[in-house]
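S.K.: Below is the file work-v6.txt, which contains compact mmCIF, C-alpha atoms.
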# COMPACT_ATOMS: atom_id res chain seq x y z
CA MET A 941 97.36 42.44 151.74
CA THR A 942 96.52 38.79 151.18
CA GLY A 943 97.40 36.07 153.65
CA ALA A 944 97.01 38.53 156.54
CA SER A 945 95.96 36.09 159.26
CA SER A 946 99.38 34.75 160.26
CA GLY A 947 103.13 35.07 159.98
CA MET A 948 104.60 37.67 157.67
CA GLY A 949 101.22 38.87 156.40
CA TYR A 950 99.96 39.45 159.94
CA ALA A 951 103.09 41.38 160.92
CA ALA A 952 103.10 43.39 157.69
CA THR A 953 99.43 44.34 158.14
CA GLN A 954 100.29 45.77 161.55
CA LEU A 955 103.38 47.59 160.28
CA PHE A 956 101.64 49.26 157.34
CA ALA A 957 98.78 50.38 159.59
CA GLN A 958 101.25 51.78 162.12
CA GLN A 959 102.79 53.79 159.29
CA GLY A 960 99.43 55.38 158.54
CA TRP A 961 98.24 53.18 155.67
CA GLN A 962 94.69 51.99 155.15
CA VAL A 963 95.21 48.24 154.94
CA TYR A 964 92.59 45.98 153.40
CA ALA A 965 93.71 42.70 154.93
CA GLY A 966 92.34 39.49 153.49
CA ALA A 967 92.44 35.88 154.65
CA ARG A 968 90.21 32.83 154.86
CA ARG A 969 90.46 32.91 158.67
CA VAL A 970 89.23 36.49 158.99
CA ASN A 971 88.99 36.29 162.79
CA ASN A 972 92.77 35.84 162.94
CA ILE A 973 93.53 39.07 161.07
CA PRO A 974 94.93 41.78 163.38
CA VAL A 975 92.65 44.64 164.34
CA GLY A 976 93.41 48.29 164.89
CA THR A 977 93.29 51.73 163.36
CA GLY A 978 93.61 51.58 159.59
CA ILE A 979 93.06 47.82 159.31
CA HIS A 980 90.03 46.53 157.40
CA PRO A 981 89.75 42.74 157.90
CA LEU A 982 88.07 40.96 154.99
CA SER A 983 87.26 37.39 154.17
CA LEU A 984 89.31 36.31 151.17
CA ASP A 985 89.85 33.02 149.38
CA VAL A 986 92.33 33.79 146.61
CA THR A 987 91.16 30.74 144.66
CA ASP A 988 87.55 31.97 144.47
CA ASP A 989 86.58 34.50 141.80
CA ASP A 990 83.73 36.18 143.72
CA SER A 991 85.85 36.43 146.86
CA ARG A 992 88.66 38.10 144.92
CA LYS A 993 86.29 40.60 143.31
CA ASN A 994 84.66 41.52 146.63
CA PHE A 995 88.07 42.04 148.21
CA VAL A 996 89.30 44.40 145.50
CA GLN A 997 86.00 46.29 145.33
CA ALA A 998 86.26 47.04 149.05
CA ALA A 999 89.79 48.42 148.65
CA GLU A 1000 88.82 50.51 145.64
CA LYS A 1001 86.67 52.70 147.91
CA GLU A 1002 89.89 54.48 148.89
CA ALA A 1003 91.07 57.54 146.97
CA THR A 1004 93.99 55.60 145.54
CA LEU A 1005 94.87 51.94 145.30
CA ASP A 1006 98.60 52.12 145.89
CA VAL A 1007 99.91 48.61 146.50
CA LEU A 1008 98.75 45.02 146.19
CA ILE A 1009 100.79 42.60 148.29
CA ASN A 1010 100.29 39.05 147.04
CA ASN A 1011 101.31 37.19 150.18
CA ALA A 1012 98.80 34.33 150.40
CA GLY A 1013 100.44 30.96 149.92
CA TYR A 1014 101.41 27.67 151.50
CA GLY A 1015 103.66 24.67 150.92
CA GLU A 1016 102.30 21.32 149.72
CA TYR A 1017 105.23 19.02 150.44
CA GLY A 1018 105.80 15.39 149.62
CA PRO A 1019 107.42 13.12 147.00
CA LEU A 1020 106.50 14.20 143.48
CA GLU A 1021 105.42 10.64 142.73
CA GLU A 1022 102.87 10.64 145.53
CA VAL A 1023 101.34 14.12 145.82
CA SER A 1024 97.86 13.93 144.31
CA LEU A 1025 96.93 16.01 141.28
CA GLU A 1026 94.07 17.53 143.28
CA LYS A 1027 96.52 18.94 145.81
CA VAL A 1028 98.88 20.05 143.05
CA ARG A 1029 96.07 22.06 141.46
CA ARG A 1030 95.18 23.66 144.81
CA GLN A 1031 98.83 24.61 145.33
CA VAL A 1032 99.14 26.25 141.92
CA GLU A 1033 95.76 27.98 142.20
CA THR A 1034 96.69 29.50 145.56
CA ASN A 1035 100.35 30.41 145.11
CA LEU A 1036 100.29 31.51 141.47
CA PHE A 1037 96.87 31.83 139.86
CA GLY A 1038 95.39 33.63 142.88
CA ALA A 1039 98.06 36.31 142.70
CA ALA A 1040 97.65 36.64 138.94
CA GLU A 1041 93.88 37.02 139.08
CA LEU A 1042 93.95 39.55 141.92
CA THR A 1043 96.52 41.57 140.03
CA LYS A 1044 94.31 41.62 136.94
CA LEU A 1045 91.57 43.17 139.07
CA VAL A 1046 93.70 46.04 140.43
CA LEU A 1047 95.64 46.95 137.29
CA PRO A 1048 92.89 49.00 135.57
CA ARG A 1049 92.60 51.30 138.61
CA MET A 1050 96.38 51.60 138.98
CA ARG A 1051 96.79 52.28 135.28
CA HIS A 1052 94.20 55.06 135.48
CA GLN A 1053 96.08 56.55 138.45
CA HIS A 1054 99.46 56.25 136.65
CA THR A 1055 100.84 54.87 139.91
CA GLY A 1056 100.78 51.57 141.76
CA ARG A 1057 102.90 48.61 142.72
CA ILE A 1058 102.45 44.85 142.81
CA VAL A 1059 104.56 43.18 145.52
CA ASN A 1060 104.73 39.42 145.08
CA ILE A 1061 105.85 37.42 148.10
CA SER A 1062 107.77 34.51 146.68
CA SER A 1063 110.54 32.62 148.47
CA LEU A 1064 114.18 31.64 148.15
CA GLY A 1065 112.44 28.46 147.05
CA GLY A 1066 111.64 30.27 143.81
CA ASP A 1067 115.32 30.12 142.86
CA MET A 1068 116.40 27.15 144.97
CA TYR A 1069 114.82 23.75 145.45
CA SER A 1070 115.07 20.68 147.63
CA ALA A 1071 113.72 17.16 147.78
CA LEU A 1072 110.06 16.83 148.81
CA GLY A 1073 109.22 20.45 147.97
CA GLY A 1074 108.81 20.10 144.22
CA TRP A 1075 105.37 21.58 143.62
CA TYR A 1076 105.94 24.43 146.07
CA HIS A 1077 109.14 25.34 144.24
CA VAL A 1078 107.35 25.16 140.90
CA THR A 1079 104.75 27.70 142.06
CA LYS A 1080 107.32 30.11 143.48
CA HIS A 1081 109.56 29.89 140.42
CA GLY A 1082 106.48 30.52 138.30
CA LEU A 1083 105.54 33.52 140.46
CA ASN A 1084 109.03 34.98 139.97
CA VAL A 1085 108.88 34.65 136.19
CA TRP A 1086 105.30 35.92 136.05
CA SER A 1087 106.26 38.99 138.10
CA ASP A 1088 109.25 39.76 135.89
CA VAL A 1089 107.17 39.53 132.72
CA LEU A 1090 104.45 41.67 134.26
CA ASP A 1091 107.03 44.29 135.21
CA THR A 1092 108.14 44.60 131.59
CA GLU A 1093 104.54 45.12 130.50
CA ILE A 1094 103.30 47.65 133.06
CA ARG A 1095 106.28 49.98 133.41
CA GLN A 1096 104.94 51.98 130.47
CA PHE A 1097 102.03 52.99 132.72
CA GLY A 1098 104.19 54.08 135.65
CA LEU A 1099 103.58 50.81 137.52
CA ARG A 1100 105.96 48.17 138.90
CA SER A 1101 105.89 44.50 139.82
CA VAL A 1102 108.56 43.33 142.28
CA VAL A 1103 109.39 40.17 144.23
CA VAL A 1104 110.26 39.57 147.87
CA GLU A 1105 112.15 36.32 148.51
CA PRO A 1106 112.06 35.38 152.20
CA GLY A 1107 114.38 32.63 153.41
CA GLY A 1108 114.14 30.79 156.72
CA THR A 1109 111.54 32.44 158.93
CA GLN A 1110 110.62 31.98 162.57
CA SER A 1111 106.95 31.19 162.02
CA SER A 1112 104.57 28.26 161.86
CA TRP A 1113 104.92 28.07 158.07
CA SER A 1114 107.58 25.36 158.03
CA ASP A 1115 105.71 23.25 160.60
CA ILE A 1116 102.59 23.37 158.44
CA ALA A 1117 104.52 22.66 155.24
CA MET A 1118 106.44 19.76 156.74
CA GLY A 1119 103.26 18.44 158.31
CA SER A 1120 101.75 18.16 154.85
CA ILE A 1121 104.31 15.50 153.91
CA GLU A 1122 102.67 12.77 155.96
CA LYS A 1123 99.32 13.58 154.37
CA ASN A 1124 100.78 13.16 150.90
CA VAL A 1125 102.50 9.79 151.12
CA VAL A 1126 101.12 6.34 150.44
CA PRO A 1127 101.32 3.53 152.99
CA ASP A 1128 104.74 1.86 152.94
CA THR A 1129 106.14 4.71 150.86
CA PRO A 1130 109.59 3.96 149.41
CA TYR A 1131 110.59 7.50 150.37
CA ARG A 1132 110.29 6.91 154.14
CA SER A 1133 114.00 7.25 154.94
CA LEU A 1134 114.25 10.47 152.92
CA ILE A 1135 111.16 11.88 154.63
CA ASP A 1136 112.31 10.99 158.14
CA GLY A 1137 115.81 12.32 157.52
CA THR A 1138 114.50 15.56 156.04
CA LEU A 1139 112.10 16.15 158.92
CA SER A 1140 114.91 15.51 161.39
CA VAL A 1141 117.09 18.13 159.70
CA ILE A 1142 114.23 20.66 159.64
CA GLN A 1143 113.61 20.16 163.35
CA ARG A 1144 117.29 20.69 164.17
CA VAL A 1145 117.76 23.86 162.13
CA GLY A 1146 114.26 25.36 162.35
CA SER A 1147 114.91 27.14 165.63
CA HIS A 1148 117.93 28.87 164.08
CA SER A 1149 116.00 30.65 161.33
CA ALA A 1150 117.42 34.12 160.99
CA ALA A 1151 114.33 36.22 160.30
CA THR A 1152 111.21 36.84 162.34
CA SER A 1153 107.89 37.72 160.77
CA ALA A 1154 108.44 41.30 161.97
CA ASP A 1155 111.80 41.35 160.15
CA LEU A 1156 110.17 40.26 156.91
CA ALA A 1157 107.37 42.79 157.34
CA LYS A 1158 110.01 45.52 157.09
CA VAL A 1159 111.22 44.00 153.82
CA PHE A 1160 107.62 44.04 152.56
CA TYR A 1161 107.45 47.71 153.47
CA ARG A 1162 110.65 48.58 151.59
CA ALA A 1163 109.41 46.73 148.52
CA ALA A 1164 106.15 48.69 148.65
CA THR A 1165 107.62 52.13 149.31
CA ASP A 1166 111.11 52.40 147.79
CA HIS A 1167 111.23 55.40 145.46
CA LYS A 1168 113.24 53.35 142.97
CA PRO A 1169 112.04 49.79 143.54
CA LYS A 1170 114.35 46.84 143.01
CA ARG A 1171 113.42 43.75 141.06
CA ARG A 1172 114.16 41.49 144.06
CA TYR A 1173 114.14 42.02 147.83
CA TYR A 1174 115.89 39.81 150.39
CA PHE A 1175 116.16 39.88 154.16
CA SER A 1176 119.88 39.17 154.41
CA PHE A 1177 123.08 39.07 152.40
CA SER A 1178 123.26 35.29 152.89
CA ASP A 1179 119.77 34.88 151.41
CA ARG A 1180 120.85 36.92 148.39
CA MET A 1181 124.01 34.81 147.96
CA MET A 1182 122.12 31.50 148.21
CA SER A 1183 119.74 32.69 145.53
CA ARG A 1184 122.67 33.73 143.37
CA LEU A 1185 124.39 30.38 143.82
CA ALA A 1186 121.33 28.51 142.61
CA ARG A 1187 120.86 30.78 139.60
CA VAL A 1188 124.46 31.33 138.50
CA HIS A 1189 125.88 27.89 139.32
CA PRO A 1190 122.95 25.49 138.81
CA GLY A 1191 125.16 22.43 138.40
CA ILE A 1192 126.98 23.03 141.69
CA PHE A 1193 123.70 23.74 143.45
CA HIS A 1194 122.12 20.56 142.06
CA GLN A 1195 125.00 18.45 143.32
CA LEU A 1196 124.66 20.10 146.73
CA ILE A 1197 120.97 19.18 146.91
CA ILE A 1198 121.70 15.62 145.76
CA SER A 1199 124.24 15.28 148.57
CA MET A 1200 121.80 16.66 151.13
CA ALA A 1201 119.07 14.27 149.98
CA ALA A 1202 121.46 11.33 150.11
CA ARG A 1203 122.51 12.16 153.67
CA ALA A 1204 118.87 12.59 154.73
CA ALA A 1205 117.94 9.20 153.25
CA ARG A 1206 120.63 7.25 155.16
When written as structure tokens, how does the structure in this file appear?
M.R.:
Amino acid sequence: MTGASSGMGYAATQLFAQQGWQVYAGARRVNNIPVGTGIHPLSLDVTDDDSRKNFVQAAEKEATLDVLINNAGYGEYGPLEEVSLEKVRRQVETNLFGAAELTKLVLPRMRHQHTGRIVNISSLGGDMYSALGGWYHVTKHGLNVWSDVLDTEIRQFGLRSVVVEPGGTQSSWSDIAMGSIEKNVVPDTPYRSLIDGTLSVIQRVGSHSAATSADLAKVFYRAATDHKPKRRYYFSFSDRMMSRLARVHPGIFHQLIISMAARAAR
């Protein structure tokens, strides 16, 4: 389990351990990882090669390596014109390359076992998009496509790669993501009205997010344990329908986002 120090990863670490799993839980803030029977807290920076190798080597001490949950990630928000390339690279390395490199490390063991599953925690933002979230959406869309391609390649070995797409969640994630906007804009940014309007909307609707971290942990668990795993997992029917709208009716969805951005910028 990557990204185990907060939010969905924290709750999922607890749930899997309660169900009798041995959970190797990794995060940069190792002191924030939950403790308890079956939980093995480990320092992990998914962008660092040595850290990734040490993490997987610790988990490989178990008799089987059953599931890798690629949950580590964050949102680097801001106008595409103003987010620095340095921060773009960090976003891609964390949300996409980190998952890919960790998966490469566990696949040989899983292939030898003829069993194993890669659960990639993406987002509705992998199918949808909105103003100011461009690079985050790019990484999550990339993670979705990467997972689908991987699934076609590893099924021959009895393995699967699946995606969980959380929607709005009652956690600190959105506060952190939205907080990154102000760090990514230039003085006197021409996007000020859009930024202020968007932040105002987020503040109004944030408290009405449907899913708690504990709710999403249960979705993680289904994705990891279903006898016949699905390609995609959602928390709610409305999440599934929003994803479908964006994919099946891209023109309608685009116009909807344009309207939302225009209202926010007033």
S.K.: Rank nothing, just name the residue among A:Leu1072, A:Ala944, A:Leu1099, A:Ala1163 nearest to Leu1020 in chain A, using all atoms listed in the file.
M.R.: A:Leu1072
S.K.: Write out as an MDAnalysis selection string the residues lying within 12 Å of Asp1067 in chain A, counting all atoms listed in the file and excluding same-chain residues fewer than 4 positions away.
M.R.: chainID A and resid 1062:1063 1076:1085 1103:1107 1172 1179:1190 1193:1194
S.K.: Interatomic distance between CA of Ser1153 in chain A and CA of Gly947 in chain A?
M.R.: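 Separating CA of Ser1153 in chain A from CA of Gly947 in chain A is a distance of 5.5 Å.
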S.K.: Do you have the CA of Val1102 in chain A-CA of Tyr1174 in chain A distance handy?
M.R.: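 Computing it gives 11.5 Å between the two atoms.
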S.K.: At a cut-off of 9 Å, using all atoms listed in the file, what residues contact Gly1073 in chain A? Leave out same-chain residues fewer than 2 positions from it and give the result as a PDB file with C-alpha atoms, in the frame of the given file.
M.R.:
ATOM      1  CA  GLY A1015     103.660  24.670 150.920  1.00  0.00           C
ATOM      2  CA  GLU A1016     102.300  21.320 149.720  1.00  0.00           C
ATOM      3  CA  TYR A1017     105.230  19.020 150.440  1.00  0.00           C
ATOM      4  CA  GLY A1018     105.800  15.390 149.620  1.00  0.00           C
ATOM      5  CA  PRO A1019     107.420  13.120 147.000  1.00  0.00           C
ATOM      6  CA  LEU A1020     106.500  14.200 143.480  1.00  0.00           C
ATOM      7  CA  GLY A1065     112.440  28.460 147.050  1.00  0.00           C
ATOM      8  CA  TYR A1069     114.820  23.750 145.450  1.00  0.00           C
ATOM      9  CA  SER A1070     115.070  20.680 147.630  1.00  0.00           C
ATOM     10  CA  ALA A1071     113.720  17.160 147.780  1.00  0.00           C
ATOM     11  CA  TRP A1075     105.370  21.580 143.620  1.00  0.00           C
ATOM     12  CA  TYR A1076     105.940  24.430 146.070  1.00  0.00           C
ATOM     13  CA  HIS A1077     109.140  25.340 144.240  1.00  0.00           C
ATOM     14  CA  VAL A1078     107.350  25.160 140.900  1.00  0.00           C
ATOM     15  CA  ALA A1117     104.520  22.660 155.240  1.00  0.00           C
TER      16      ALA A1117
END
S.K.: Using all atoms listed in the file, which of the listed residues (A:Ala1012, A:Ala1157, A:Ala1003, A:Val1141) sits closest to Arg1203 in chain A?
M.R.: A:Val1141
S.K.: So that each row is one residue of range 1055-1164 of chain A with an atom at most 10 Å from range 955-979 of chain A, can you give its shortest atom pair and the distance in Å to one decimal, using only C-alpha atoms, rows by chain and rising number, as a tab-separated table?
M.R.:
residue	atom	partner	partner_atom	distance
A:Ala1154	CA	A:Leu955	CA	8.2
A:Ala1157	CA	A:Leu955	CA	6.9
A:Lys1158	CA	A:Leu955	CA	7.6
A:Phe1160	CA	A:Phe956	CA	9.3
A:Tyr1161	CA	A:Phe956	CA	7.2
A:Ala1164	CA	A:Phe956	CA	9.8
S.K.: Please measure the separation of CA of Leu1042 in chain A and CA of Gln954 in chain A, giving the value in Å to one decimal.
M.R.: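 Separation of CA of Leu1042 in chain A and CA of Gln954 in chain A: 21.5 Å.
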S.K.: Would you mind telling me which residue in A:Thr1165, A:Asn1124, A:Ser1133, A:Gln1195 lies nearest to Glu1021 in chain A when using all atoms listed in the file?
M.R.: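 Counting all atoms listed in the file, the residue closest to Glu1021 in chain A is A:Asn1124.
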